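What follows is the content of target.txt, which has compact mmCIF, C-alpha atoms and all ligand atoms:
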# COMPACT_ATOMS: atom_id res chain seq x y z
CA MET F 15 118.60 87.70 83.11
CA SER F 16 121.49 88.29 80.73
CA GLN F 17 124.64 86.22 81.09
CA PRO F 18 127.38 88.71 81.98
CA ASN F 19 130.95 87.63 81.39
CA LEU F 20 133.72 86.97 83.88
CA LYS F 21 134.97 90.54 83.62
CA ALA F 22 131.58 91.74 84.80
CA ARG F 23 131.71 89.29 87.70
CA GLU F 24 135.12 90.59 88.69
CA SER F 25 133.94 94.18 88.51
CA GLY F 26 130.94 93.28 90.72
CA GLY F 27 133.28 91.66 93.24
CA LEU F 28 135.61 94.62 93.02
CA VAL F 29 132.75 97.03 93.74
CA LEU F 30 132.04 95.13 96.94
CA ASP F 31 135.67 94.83 98.02
CA SER F 32 136.43 98.49 97.55
CA HIS F 33 133.27 99.80 99.21
CA ALA F 34 132.71 97.43 102.13
CA GLY F 35 133.32 100.39 104.47
CA LEU F 36 130.65 102.63 102.91
CA ARG F 37 127.81 103.70 105.22
CA ILE F 38 124.57 105.63 104.80
CA ASP F 39 123.99 109.03 106.45
CA GLY F 40 121.82 108.03 109.40
CA ALA F 41 120.78 111.56 110.43
CA ARG F 42 119.70 112.33 106.87
CA LEU F 43 117.63 109.14 106.70
CA ILE F 44 115.87 109.85 110.01
CA ASP F 45 115.19 113.45 108.97
CA SER F 46 113.62 112.35 105.65
CA LEU F 47 111.46 109.79 107.50
CA ASP F 48 110.25 112.50 109.88
CA ARG F 49 109.42 114.83 106.99
CA LEU F 50 107.64 112.18 104.91
CA GLY F 51 105.69 111.18 108.05
CA GLU F 52 104.13 114.64 108.11
CA ILE F 53 102.47 114.05 104.73
CA GLY F 54 99.08 112.58 105.54
CA ALA F 55 99.60 112.90 109.32
CA ASP F 56 96.15 112.09 110.67
CA PRO F 57 94.67 114.36 113.38
CA ALA F 58 93.16 111.17 114.87
CA GLY F 59 96.65 109.63 115.11
CA GLY F 60 99.09 107.94 112.77
CA VAL F 61 99.37 108.54 109.04
CA THR F 62 96.55 108.28 106.49
CA ARG F 63 98.20 108.45 103.08
CA LEU F 64 96.04 106.17 101.00
CA GLY F 65 97.17 104.74 97.68
CA LEU F 66 96.38 107.01 94.68
CA SER F 67 95.09 109.78 96.96
CA ALA F 68 96.27 113.41 96.95
CA GLU F 69 98.43 112.56 99.98
CA GLU F 70 100.24 109.72 98.21
CA HIS F 71 100.78 112.07 95.29
CA ALA F 72 102.22 114.68 97.68
CA ALA F 73 104.60 111.99 98.99
CA ARG F 74 105.81 111.42 95.42
CA VAL F 75 106.34 115.15 94.98
CA PHE F 76 108.39 115.10 98.21
CA LEU F 77 110.48 112.19 96.89
CA GLY F 78 110.97 114.00 93.58
CA ASP F 79 112.26 117.08 95.44
CA LEU F 80 114.56 114.90 97.53
CA CYS F 81 115.95 113.34 94.34
CA ALA F 82 116.46 116.73 92.67
CA ALA F 83 118.37 118.02 95.72
CA ALA F 84 120.56 114.90 95.60
CA GLY F 85 121.25 115.16 91.87
CA LEU F 86 119.12 112.08 91.11
CA GLU F 87 116.46 111.78 88.42
CA ALA F 88 112.87 110.88 89.36
CA GLU F 89 109.95 110.02 87.13
CA THR F 90 106.45 108.68 87.72
CA ASP F 91 104.87 106.13 85.40
CA PRO F 92 101.20 106.27 84.30
CA ALA F 93 100.18 103.95 87.20
CA GLY F 94 101.74 106.23 89.82
CA ASN F 95 104.96 104.28 90.44
CA LEU F 96 107.93 106.58 91.08
CA PHE F 97 111.42 105.58 89.92
CA ALA F 98 114.70 107.25 90.87
CA ARG F 99 117.98 106.78 89.03
CA ARG F 100 121.40 108.32 88.85
CA PRO F 101 121.75 110.58 85.81
CA GLY F 102 123.48 109.05 82.83
CA THR F 103 123.31 105.47 84.13
CA ARG F 104 120.31 104.30 82.10
CA ARG F 105 121.31 101.25 80.11
CA ALA F 106 119.42 98.68 78.09
CA LYS F 107 120.24 96.01 80.67
CA PRO F 108 118.34 94.41 83.53
CA VAL F 109 118.40 96.61 86.63
CA LEU F 110 118.64 95.98 90.34
CA LEU F 111 115.32 97.33 91.60
CA VAL F 112 115.22 98.44 95.25
CA GLY F 113 112.34 99.99 97.17
CA SER F 114 108.86 99.55 98.62
CA HIS F 115 105.71 101.72 98.77
CA VAL F 116 104.70 105.12 100.21
CA ASP F 117 100.97 104.61 100.79
CA THR F 118 99.53 103.61 104.17
CA VAL F 119 96.38 102.06 105.57
CA VAL F 120 93.87 104.32 107.35
CA ARG F 121 95.62 105.62 110.51
CA GLY F 122 98.67 103.49 109.81
CA GLY F 123 102.26 104.07 110.79
CA ARG F 124 104.95 106.25 109.24
CA LEU F 125 107.42 103.42 108.54
CA ASP F 126 105.48 100.68 106.70
CA GLY F 127 106.75 101.05 103.12
CA ALA F 128 108.15 104.56 103.55
CA TYR F 129 111.22 103.25 105.38
CA GLY F 130 112.13 100.90 102.53
CA VAL F 131 111.75 103.65 99.94
CA LEU F 132 113.71 106.29 101.85
CA ALA F 133 116.48 103.86 102.80
CA ALA F 134 116.75 102.83 99.14
CA LEU F 135 116.97 106.49 98.12
CA GLU F 136 119.60 107.14 100.81
CA THR F 137 121.55 104.14 99.48
CA LEU F 138 121.41 105.45 95.91
CA ARG F 139 122.39 108.88 97.15
CA VAL F 140 125.47 107.58 98.99
CA LEU F 141 126.54 105.52 95.97
CA HIS F 142 126.12 108.61 93.78
CA GLU F 143 128.04 110.89 96.17
CA HIS F 144 130.92 108.41 96.27
CA ARG F 145 130.77 107.96 92.49
CA VAL F 146 130.55 104.19 92.92
CA SER F 147 130.12 102.73 89.49
CA LEU F 148 127.84 99.70 89.49
CA PRO F 149 127.93 96.96 86.83
CA VAL F 150 124.17 96.47 87.35
CA GLU F 151 122.24 99.76 87.43
CA MET F 152 120.32 100.38 90.66
CA VAL F 153 116.82 101.86 90.30
CA VAL F 154 114.79 102.94 93.33
CA VAL F 155 111.04 102.36 93.20
CA ALA F 156 108.15 103.70 95.27
CA PHE F 157 105.27 101.46 94.23
CA ALA F 158 101.81 103.04 94.17
CA ASN F 159 98.91 101.73 96.27
CA GLU F 160 100.45 98.67 97.89
CA GLU F 161 97.82 98.59 100.63
CA GLY F 162 94.67 98.84 98.53
CA ALA F 163 93.00 100.82 101.33
CA LEU F 164 91.17 103.26 99.03
CA VAL F 165 91.23 101.84 95.50
CA GLN F 166 90.61 98.21 96.47
CA THR F 167 93.49 96.69 94.53
CA PRO F 168 96.43 95.86 96.82
CA PHE F 169 99.84 95.72 95.12
CA TRP F 170 98.44 97.94 92.34
CA GLY F 171 101.79 99.45 91.33
CA SER F 172 103.87 96.27 91.46
CA ARG F 173 101.16 94.27 89.67
CA MET F 174 101.09 96.92 86.96
CA LEU F 175 104.88 96.84 86.60
CA CYS F 176 104.78 93.04 86.32
CA GLY F 177 101.87 93.13 83.88
CA SER F 178 99.77 90.85 86.07
CA LEU F 179 96.56 92.90 86.44
CA ALA F 180 94.03 91.68 83.89
CA ASN F 181 91.67 94.66 83.92
CA PRO F 182 93.39 97.59 85.63
CA LEU F 183 90.79 100.17 84.66
CA GLY F 184 88.15 98.01 86.37
CA ALA F 185 89.67 98.80 89.80
CA THR F 186 87.45 100.95 92.02
CA ASP F 187 87.08 102.22 95.55
CA ARG F 188 84.35 100.80 97.80
CA THR F 189 81.78 103.19 96.34
CA GLY F 190 82.54 102.17 92.76
CA ARG F 191 84.57 105.27 91.85
CA PRO F 192 87.02 104.08 89.18
CA VAL F 193 90.78 104.08 89.47
CA GLY F 194 90.99 106.36 86.43
CA ALA F 195 89.43 109.19 88.41
CA TYR F 196 92.06 108.77 91.12
CA LEU F 197 95.00 108.46 88.74
CA ALA F 198 94.04 111.68 87.02
CA THR F 199 94.64 113.59 90.26
CA ALA F 200 97.52 111.48 91.58
CA GLY F 201 100.05 112.18 88.85
CA GLY F 202 99.16 109.10 86.81
CA ALA F 203 97.71 108.74 83.31
CA PRO F 204 94.79 106.29 82.95
CA ASP F 205 94.97 106.44 79.14
CA ARG F 206 98.57 105.20 79.14
CA LEU F 207 98.36 102.24 81.52
CA ALA F 208 99.30 99.89 78.69
CA ASP F 209 102.82 101.39 78.80
CA VAL F 210 103.44 100.54 82.47
CA ALA F 211 104.48 96.86 82.36
CA TRP F 212 108.23 96.32 82.09
CA PRO F 213 109.37 93.95 79.35
CA PRO F 214 110.40 90.44 80.47
CA GLY F 215 113.99 90.32 81.65
CA SER F 216 114.25 93.98 82.70
CA VAL F 217 114.58 93.28 86.43
CA ALA F 218 117.76 91.42 87.43
CA ALA F 219 116.63 91.30 91.07
CA PHE F 220 114.49 93.19 93.60
CA ILE F 221 115.47 93.96 97.19
CA GLU F 222 112.95 95.36 99.69
CA LEU F 223 113.83 96.61 103.17
CA HIS F 224 110.86 96.79 105.54
CA ILE F 225 109.95 96.92 109.20
CA GLU F 226 109.00 93.46 110.47
CA GLN F 227 105.51 94.53 111.61
CA GLY F 228 105.49 91.67 114.12
CA PRO F 229 107.24 90.88 117.43
CA SER F 230 109.85 88.19 116.52
CA LEU F 231 113.02 90.27 116.09
CA GLU F 232 112.40 92.44 119.14
CA ARG F 233 111.55 89.45 121.33
CA GLN F 234 114.70 87.65 120.28
CA GLY F 235 116.86 90.76 120.47
CA VAL F 236 118.06 90.39 116.85
CA PRO F 237 118.49 93.55 114.73
CA VAL F 238 118.13 92.04 111.23
CA GLY F 239 115.66 89.64 109.67
CA VAL F 240 116.44 87.72 106.49
CA VAL F 241 113.07 86.90 104.96
CA GLU F 242 112.80 83.39 103.57
CA GLY F 243 109.19 83.51 102.40
CA ILE F 244 106.14 85.75 102.25
CA VAL F 245 102.60 84.62 103.04
CA GLY F 246 99.93 84.29 100.38
CA ARG F 247 96.73 86.17 101.07
CA THR F 248 93.14 85.75 99.88
CA ILE F 249 90.69 88.62 100.40
CA LEU F 250 86.98 87.80 100.39
CA ASP F 251 84.20 90.35 100.12
CA ILE F 252 81.09 89.05 101.91
CA GLY F 253 77.63 90.49 101.39
CA VAL F 254 74.88 89.50 103.86
CA THR F 255 71.31 90.40 102.93
CA GLY F 256 68.49 90.01 105.42
CA GLU F 257 65.53 92.32 105.86
CA ALA F 258 65.42 95.79 107.42
CA GLN F 259 62.54 95.81 109.93
CA HIS F 260 61.25 97.81 112.87
CA ALA F 261 63.34 97.02 115.96
CA GLY F 262 60.42 97.32 118.36
CA THR F 263 57.61 95.56 116.54
CA THR F 264 59.28 92.69 114.66
CA PRO F 265 59.14 89.54 116.82
CA MET F 266 62.58 88.06 117.45
CA ALA F 267 61.62 84.81 115.74
CA ASP F 268 60.53 86.61 112.56
CA ARG F 269 63.73 88.55 111.93
CA ARG F 270 66.32 88.12 109.20
CA ASP F 271 68.99 90.19 110.92
CA ALA F 272 71.98 90.66 108.62
CA LEU F 273 74.22 91.92 111.41
CA THR F 274 73.77 88.98 113.76
CA ALA F 275 74.43 86.68 110.79
CA ALA F 276 77.57 88.70 110.01
CA ALA F 277 78.62 88.44 113.67
CA GLU F 278 78.47 84.64 113.39
CA ILE F 279 80.64 84.85 110.30
CA VAL F 280 83.19 87.09 112.07
CA LEU F 281 83.55 84.55 114.90
CA ALA F 282 83.71 81.63 112.47
CA VAL F 283 86.50 83.35 110.51
CA ARG F 284 88.52 83.77 113.69
CA ARG F 285 88.00 80.12 114.69
CA ILE F 286 89.32 78.88 111.34
CA ALA F 287 92.84 79.99 112.25
CA ALA F 288 92.76 80.42 116.04
CA GLU F 289 91.18 77.07 116.94
CA ASP F 290 90.99 74.83 113.90
CA ARG F 291 94.43 75.86 112.58
CA VAL F 292 93.28 75.53 108.98
CA CYS F 293 95.56 78.42 107.94
CA ALA F 294 98.00 80.76 109.69
CA THR F 295 95.71 83.79 110.14
CA ALA F 296 92.09 84.66 109.40
CA THR F 297 90.74 88.16 109.97
CA THR F 298 87.68 90.31 109.49
CA GLY F 299 88.92 93.90 109.33
CA PHE F 300 86.08 95.65 107.56
CA ILE F 301 82.37 95.71 108.36
CA GLU F 302 79.59 98.06 107.39
CA ALA F 303 75.90 97.71 108.32
CA ALA F 304 72.90 99.38 106.69
CA PRO F 305 70.88 101.29 107.53
CA ASN F 306 73.07 101.48 110.68
CA VAL F 307 70.52 103.08 113.00
CA THR F 308 69.62 102.02 116.53
CA ASN F 309 65.97 101.18 115.98
CA THR F 310 66.03 99.19 112.74
CA VAL F 311 67.00 95.53 112.39
CA PRO F 312 70.01 95.67 110.02
CA GLY F 313 69.05 94.65 106.49
CA VAL F 314 72.40 94.54 104.71
CA VAL F 315 75.96 94.03 105.94
CA ARG F 316 79.16 94.03 103.98
CA LEU F 317 82.28 92.60 105.57
CA SER F 318 85.67 91.26 104.62
CA ALA F 319 87.50 88.07 105.45
CA GLU F 320 91.13 87.50 104.64
CA VAL F 321 93.13 84.33 105.11
CA ARG F 322 96.91 83.94 104.94
CA ASP F 323 99.45 81.13 104.91
CA THR F 324 102.89 80.39 103.48
CA ASP F 325 101.52 77.07 102.18
CA PRO F 326 99.26 77.56 99.12
CA ALA F 327 97.20 74.46 99.98
CA ARG F 328 96.44 75.81 103.47
CA GLN F 329 95.67 79.24 102.01
CA ALA F 330 93.18 77.62 99.59
CA ARG F 331 91.67 75.48 102.38
CA GLY F 332 91.23 78.62 104.50
CA GLU F 333 89.15 80.18 101.73
CA ASP F 334 87.09 76.99 101.30
CA VAL F 335 86.29 76.86 105.01
CA VAL F 336 85.24 80.54 105.08
CA ARG F 337 82.85 79.74 102.23
CA GLU F 338 81.50 76.66 104.06
CA GLN F 339 80.92 78.71 107.21
CA CYS F 340 79.13 81.44 105.22
CA ALA F 341 76.83 78.80 103.71
CA ARG F 342 76.13 77.40 107.20
CA VAL F 343 75.26 80.86 108.57
CA ALA F 344 73.05 81.58 105.53
CA ALA F 345 71.05 78.38 106.10
CA ALA F 346 70.65 79.04 109.82
CA SER F 347 69.77 82.73 109.58
CA GLY F 348 67.62 82.89 106.47
CA CYS F 349 69.87 85.64 105.12
CA ARG F 350 71.47 85.53 101.68
CA VAL F 351 75.27 85.41 101.92
CA GLU F 352 77.40 86.08 98.84
CA VAL F 353 81.16 85.58 98.88
CA THR F 354 83.48 87.03 96.23
CA ALA F 355 87.26 86.68 96.17
CA THR F 356 88.70 90.10 95.34
CA MET F 357 92.37 89.14 95.54
CA ARG F 358 94.55 86.04 95.82
CA SER F 359 98.27 86.63 96.17
CA ARG F 360 100.53 83.60 96.14
CA PRO F 361 103.00 82.73 98.88
CA VAL F 362 106.56 83.04 97.59
CA SER F 363 110.06 82.15 98.66
CA THR F 364 112.86 84.67 98.43
CA ALA F 365 115.88 83.76 96.28
CA PRO F 366 118.43 81.74 98.28
CA ALA F 367 121.32 83.62 96.68
CA LEU F 368 119.89 86.97 97.79
CA ARG F 369 119.35 85.62 101.31
CA GLY F 370 123.06 84.82 101.26
CA VAL F 371 123.88 88.33 100.03
CA ILE F 372 121.82 89.85 102.87
CA ARG F 373 123.37 87.59 105.52
CA GLU F 374 126.86 88.48 104.32
CA ALA F 375 125.95 92.19 104.38
CA ALA F 376 124.78 91.88 108.01
CA ASP F 377 127.90 89.86 108.89
CA ARG F 378 130.15 92.56 107.42
CA LEU F 379 128.41 95.05 109.72
CA GLY F 380 128.69 92.74 112.72
CA LEU F 381 124.89 92.51 113.01
CA PRO F 382 123.26 89.24 114.13
CA HIS F 383 120.44 88.07 111.86
CA LEU F 384 117.48 85.73 111.95
CA THR F 385 116.00 83.88 108.98
CA MET F 386 112.22 84.23 109.18
CA PRO F 387 108.94 84.21 107.25
CA SER F 388 106.89 87.35 106.58
CA GLY F 389 103.29 87.32 107.78
CA ALA F 390 102.68 90.61 106.00
CA GLY F 391 102.28 90.94 102.27
CA HIS F 392 104.86 92.90 100.27
CA ASP F 393 105.43 94.16 96.74
CA ALA F 394 108.38 91.73 96.68
CA GLN F 395 105.95 88.81 96.40
CA ILE F 396 104.53 90.30 93.21
CA VAL F 397 107.94 91.10 91.70
CA ALA F 398 108.93 87.48 92.51
CA ARG F 399 106.90 86.49 89.41
CA ILE F 400 109.46 88.15 87.17
CA ALA F 401 112.73 88.25 89.13
CA PRO F 402 114.57 86.87 92.16
CA VAL F 403 113.68 88.85 95.29
CA GLY F 404 115.32 89.44 98.66
CA MET F 405 113.87 91.06 101.78
CA ILE F 406 115.45 92.57 104.88
CA PHE F 407 113.50 93.18 108.10
CA VAL F 408 114.26 95.41 111.08
CA PRO F 409 112.51 95.09 114.48
CA SER F 410 109.14 96.71 115.16
CA ARG F 411 108.66 98.04 118.68
CA ARG F 412 106.12 95.80 120.46
CA GLY F 413 105.44 94.29 117.04
CA ILE F 414 102.90 97.04 116.28
CA SER F 415 102.08 98.00 112.69
CA HIS F 416 99.12 99.22 110.62
CA ALA F 417 98.44 101.43 113.64
CA PRO F 418 99.68 104.78 114.95
CA GLY F 419 101.95 103.06 117.49
CA GLU F 420 104.15 101.61 114.73
CA ASP F 421 107.77 102.38 115.61
CA THR F 422 111.36 101.22 115.24
CA GLY F 423 114.36 102.59 117.15
CA PRO F 424 116.60 104.95 115.15
CA GLY F 425 119.60 102.67 115.65
CA ASP F 426 117.72 99.75 114.10
CA LEU F 427 116.53 101.94 111.20
CA VAL F 428 120.10 103.03 110.44
CA ASN F 429 121.44 99.47 110.80
CA GLY F 430 118.83 98.16 108.37
CA ALA F 431 119.66 100.83 105.80
CA ASN F 432 123.36 99.95 106.07
CA VAL F 433 122.50 96.29 105.52
CA LEU F 434 120.59 97.39 102.43
CA LEU F 435 123.55 99.42 101.13
CA GLN F 436 125.93 96.51 101.67
CA ALA F 437 123.43 94.07 100.15
CA VAL F 438 123.17 96.26 97.05
CA LEU F 439 126.96 96.11 96.73
CA GLY F 440 126.95 92.36 97.40
CA ALA F 441 124.23 91.82 94.81
CA GLN F 442 126.45 93.41 92.20
CA ALA F 443 128.87 90.53 92.51
CA GLU F 444 126.10 87.94 92.69
CA LEU F 445 124.21 89.30 89.68
CA SER F 446 127.39 89.46 87.62
CA ARG F 447 128.12 85.75 88.07
CA PRO F 448 128.70 84.16 84.67
CA ASP F 449 126.39 81.26 85.55
CA GLY F 450 123.53 83.67 86.17
CA HIS F 451 121.62 84.18 89.36
CA ASP F 452 120.10 81.44 91.44
CA SER F 453 116.50 82.49 91.23
CA SER F 454 115.12 79.17 92.40
CA SER F 455 112.50 79.45 95.05
CA GLY F 456 113.80 76.77 97.36
C1 LIG U 1 100.20 94.55 103.72
O1 LIG U 1 100.34 95.61 104.26
C2 LIG U 1 99.52 93.50 104.37
O2 LIG U 1 98.33 93.65 104.69
O3 LIG U 1 100.15 92.49 104.69
MN MN U 2 101.12 97.60 105.20
MN MN U 3 104.36 97.55 103.61
Target format structure tokens, applied to this file:
Amino acid sequence: MSQPNLKARESGGLVLDSHAGLRIDGARLIDSLDRLGEIGADPAGGVTRLGLSAEEHAARVFLGDLCAAAGLEAETDPAGNLFARRPGTRRAKPVLLVGSHVDTVVRGGRLDGAYGVLAALETLRVLHEHRVSLPVEMVVVAFANEEGALVQTPFWGSRMLCGSLANPLGATDRTGRPVGAYLATAGGAPDRLADVAWPPGSVAAFIELHIEQGPSLERQGVPVGVVEGIVGRTILDIGVTGEAQHAGTTPMADRRDALTAAAEIVLAVRRIAAEDRVCATATTGFIEAAPNVTNTVPGVVRLSAEVRDTDPARQARGEDVVREQCARVAAASGCRVEVTATMRSRPVSTAPALRGVIREAADRLGLPHLTMPSGAGHDAQIVARIAPVGMIFVPSRRGISHAPGEDTGPGDLVNGANVLLQAVLGAQAELSRPDGHDSSSG
């Protein structure tokens, strides 16, 4: 980050002092959330707006229209990331990046990601309407394909922006269809992916507002979460190969049943976290059997295992134990079991100075807050490689997320967006400090 002078610090402080009473337009935010929630609305319930699909592209078109109506400028980079800025504010200086993602999982909720993007846009819009001049330019981002539900590369957009994806064109969906084919129809440009990474030093800080996706805030009756750290996550692709055989004639003792072997693995994965406490969580969320007919012993199964923890050593141990269990099941079942890690994201801490900025923003609004970890992954943990990050949570009703029942009360949504607005103003003062920003990850 550059080293702004004292004058800049004063102007950052001044921005905060003179606009501490500024608020977002709650009705406008709720209306935009309702409208975005219609894009990819799934007849089976919830929202299916997968990363780099036509639906995610339609969401970007919607955001672009929203920006145009508000007098903001929007552009999409070759990887599908959308950025919104105020006209005439582009400077060759590090920016304050604020946002989240607009893709969902299959039959997910309408708030995961979308809320953070629309609240960031509402914040930028209010600052623009009130002609608030910011020493550090604010840029809103809607990262592409955070979930990795279709093209199997979670955090695609933020990893591309940070330049941390080694072979982006090698990304595919589960059938092997390459990312390039998706980008071509999702407003991206596969031949220009080399232009996507931002040069070092271009992000002064990143702030992401998100629903909690778990039960802590609601249970404790606290409207605002200040995230102190985000879990690391390892995703393993597991292939089990036995032998497809006739279900009526193959003696039980002669079978190499890939699905019963996979079932043992599923239970072992659960035990790793639930009983043995090796890591915080361990989940099998995907399974597919072939030939998947009633009267054939399954010959091939593909399943996933993912392990998470805020401690990198426990995250690594979780992966090791999944591998040990797969080897045990292979030996006992006579099936071949292959395990491939498809993603490892690191646990990160948010920047202490930005936690302070968020707490002060909530205090100014009279909102109690709770400092807490995030069990969900977020683009913020990727951006943390290149800049200090801060995250704000709002309560999730019954803690439900990645499911159609995902919900947050309108009052909590509006409160969270006001915390974001005030945190953006507070960050101006913090980022303009002559001694630079405390980006340590303590
Ligand atoms: C992101 O949505 C995650 O799976 O944590
Ligand atoms: Mn999600
Ligand atoms: Mn999310």
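Minimum distance to Met405 of chain F across F:Asp205, F:Glu52, F:Glu242, F:Asp421 (counting only C-alpha atoms) occurs at F:Glu242.
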Closest to Asp48 of chain F among F:Gly313, F:Pro424, F:Gly440, F:Gly201, using only C-alpha atoms?
-> F:Pro424
Residue neighbourhood segment 22-39 of chain F, 6 Å, all atoms listed in the file, exclusion window fewer than 4 positions, as number ranges by chain | F: 18, 432, 439-440, 442-443, 446-447
In terms of the shortest atom-to-atom distance over only C-alpha atoms and all ligand atoms, which of F:Glu320, F:Asp393, F:Asp187, F:Asp56 is closest to ligand MN 2 (chain U)?
-> F:Asp393
Nearest to Ala376 of chain F by atom-to-atom distance, counting all atoms listed in the file, from F:Thr364, F:Ser347, F:Gln436, F:Ser410 | F:Gln436
So which residues touch Gly332 of chain F within 7 Å, counting only C-alpha atoms, skipping near sequence neighbours fewer than 5 positions away, as number ranges by chain?
-> F: 292-293, 321
Selection from above, C-alpha atoms, as a CSV table (one decimal), in the coordinates of the input, can you write it?
chain,number,residue,atom,x,y,z
F,292,VAL,CA,93.3,75.5,109.0
F,293,CYS,CA,95.6,78.4,107.9
F,321,VAL,CA,93.1,84.3,105.1
Residues of chain F at most 8 Å from ligand LIG 1 (chain U): nearest atom pair and distance in Å, only C-alpha atoms and all ligand atoms, as CSV:
residue,atom,partner,partner_atom,distance
F:Val119,CA,U:LIG1,O1,7.7
F:Asp126,CA,U:LIG1,O1,7.6
F:Glu160,CA,U:LIG1,O1,7.1
F:Glu161,CA,U:LIG1,O1,5.3
F:Pro168,CA,U:LIG1,C1,8.0
F:Gly389,CA,U:LIG1,O3,6.8
F:Ala390,CA,U:LIG1,O3,3.4
F:Gly391,CA,U:LIG1,O3,3.6
F:His392,CA,U:LIG1,C1,6.0
F:His416,CA,U:LIG1,O1,7.4
List the neighbours of Ala219 of chain F out to 7 Å using all atoms listed in the file; skip same-chain residues closer than 4 positions along the sequence, and give me the result as a ChimeraX atom specification.
-> /F:110-111,401-403
Looking at F:Pro326, F:Gly40, F:Gly348, F:Gly127, which one is nearest to Ala431 of chain F, with distances taken over all atoms listed in the file?
-> F:Gly40
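Going from atom CA of Pro237 of chain F over to atom CA of Phe157 of chain F, you cover 25.6 Å.
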Selected residue, from F:Cys340, F:Ala355, F:Ala394, F:Ala198, that lies nearest to Thr248 of chain F when counting all atoms listed in the file | F:Ala355
Straight-line distance linking atom CA of Gln339 of chain F with atom CA of Ala163 of chain F, stated in Å to one decimal | 25.9 Å
Where atoms are missing, can you supply N, CA and C atoms for segment 433-449 of chain F and output the lot as a PDB file, in the coordinates of the input?
ATOM      1  N   VAL F 433     122.566  97.659 106.074  1.00  0.00           N
ATOM      2  CA  VAL F 433     122.500  96.290 105.520  1.00  0.00           C
ATOM      3  C   VAL F 433     122.036  96.378 104.059  1.00  0.00           C
ATOM      4  N   LEU F 434     121.069  97.254 103.812  1.00  0.00           N
ATOM      5  CA  LEU F 434     120.590  97.390 102.430  1.00  0.00           C
ATOM      6  C   LEU F 434     121.722  97.869 101.511  1.00  0.00           C
ATOM      7  N   LEU F 435     122.444  98.896 101.946  1.00  0.00           N
ATOM      8  CA  LEU F 435     123.550  99.420 101.130  1.00  0.00           C
ATOM      9  C   LEU F 435     124.570  98.307 100.830  1.00  0.00           C
ATOM     10  N   GLN F 436     124.945  97.563 101.872  1.00  0.00           N
ATOM     11  CA  GLN F 436     125.930  96.510 101.670  1.00  0.00           C
ATOM     12  C   GLN F 436     125.361  95.357 100.830  1.00  0.00           C
ATOM     13  N   ALA F 437     124.055  95.119 100.959  1.00  0.00           N
ATOM     14  CA  ALA F 437     123.430  94.070 100.150  1.00  0.00           C
ATOM     15  C   ALA F 437     123.381  94.481  98.674  1.00  0.00           C
ATOM     16  N   VAL F 438     123.156  95.774  98.435  1.00  0.00           N
ATOM     17  CA  VAL F 438     123.170  96.260  97.050  1.00  0.00           C
ATOM     18  C   VAL F 438     124.554  96.042  96.445  1.00  0.00           C
ATOM     19  N   LEU F 439     125.594  96.330  97.228  1.00  0.00           N
ATOM     20  CA  LEU F 439     126.960  96.110  96.730  1.00  0.00           C
ATOM     21  C   LEU F 439     127.213  94.610  96.541  1.00  0.00           C
ATOM     22  N   GLY F 440     126.760  93.804  97.500  1.00  0.00           N
ATOM     23  CA  GLY F 440     126.950  92.360  97.400  1.00  0.00           C
ATOM     24  C   GLY F 440     126.206  91.774  96.211  1.00  0.00           C
ATOM     25  N   ALA F 441     125.030  92.324  95.939  1.00  0.00           N
ATOM     26  CA  ALA F 441     124.230  91.820  94.810  1.00  0.00           C
ATOM     27  C   ALA F 441     124.919  92.084  93.479  1.00  0.00           C
ATOM     28  N   GLN F 442     125.739  93.118  93.442  1.00  0.00           N
ATOM     29  CA  GLN F 442     126.450  93.410  92.200  1.00  0.00           C
ATOM     30  C   GLN F 442     127.322  92.216  91.801  1.00  0.00           C
ATOM     31  N   ALA F 443     128.017  91.683  92.801  1.00  0.00           N
ATOM     32  CA  ALA F 443     128.870  90.530  92.510  1.00  0.00           C
ATOM     33  C   ALA F 443     128.019  89.312  92.150  1.00  0.00           C
ATOM     34  N   GLU F 444     126.952  89.098  92.903  1.00  0.00           N
ATOM     35  CA  GLU F 444     126.100  87.940  92.690  1.00  0.00           C
ATOM     36  C   GLU F 444     125.437  87.988  91.310  1.00  0.00           C
ATOM     37  N   LEU F 445     124.931  89.171  90.948  1.00  0.00           N
ATOM     38  CA  LEU F 445     124.210  89.300  89.680  1.00  0.00           C
ATOM     39  C   LEU F 445     125.143  89.247  88.481  1.00  0.00           C
ATOM     40  N   SER F 446     126.427  89.479  88.723  1.00  0.00           N
ATOM     41  CA  SER F 446     127.390  89.460  87.620  1.00  0.00           C
ATOM     42  C   SER F 446     128.009  88.084  87.436  1.00  0.00           C
ATOM     43  N   ARG F 447     127.555  87.097  88.215  1.00  0.00           N
ATOM     44  CA  ARG F 447     128.120  85.750  88.070  1.00  0.00           C
ATOM     45  C   ARG F 447     127.865  85.226  86.662  1.00  0.00           C
ATOM     46  N   PRO F 448     128.878  84.631  86.049  1.00  0.00           N
ATOM     47  CA  PRO F 448     128.700  84.160  84.670  1.00  0.00           C
ATOM     48  C   PRO F 448     127.636  83.077  84.536  1.00  0.00           C
ATOM     49  N   ASP F 449     127.380  82.334  85.646  1.00  0.00           N
ATOM     50  CA  ASP F 449     126.390  81.260  85.550  1.00  0.00           C
ATOM     51  C   ASP F 449     124.994  81.765  85.838  1.00  0.00           C
TER      52      ASP F 449
END
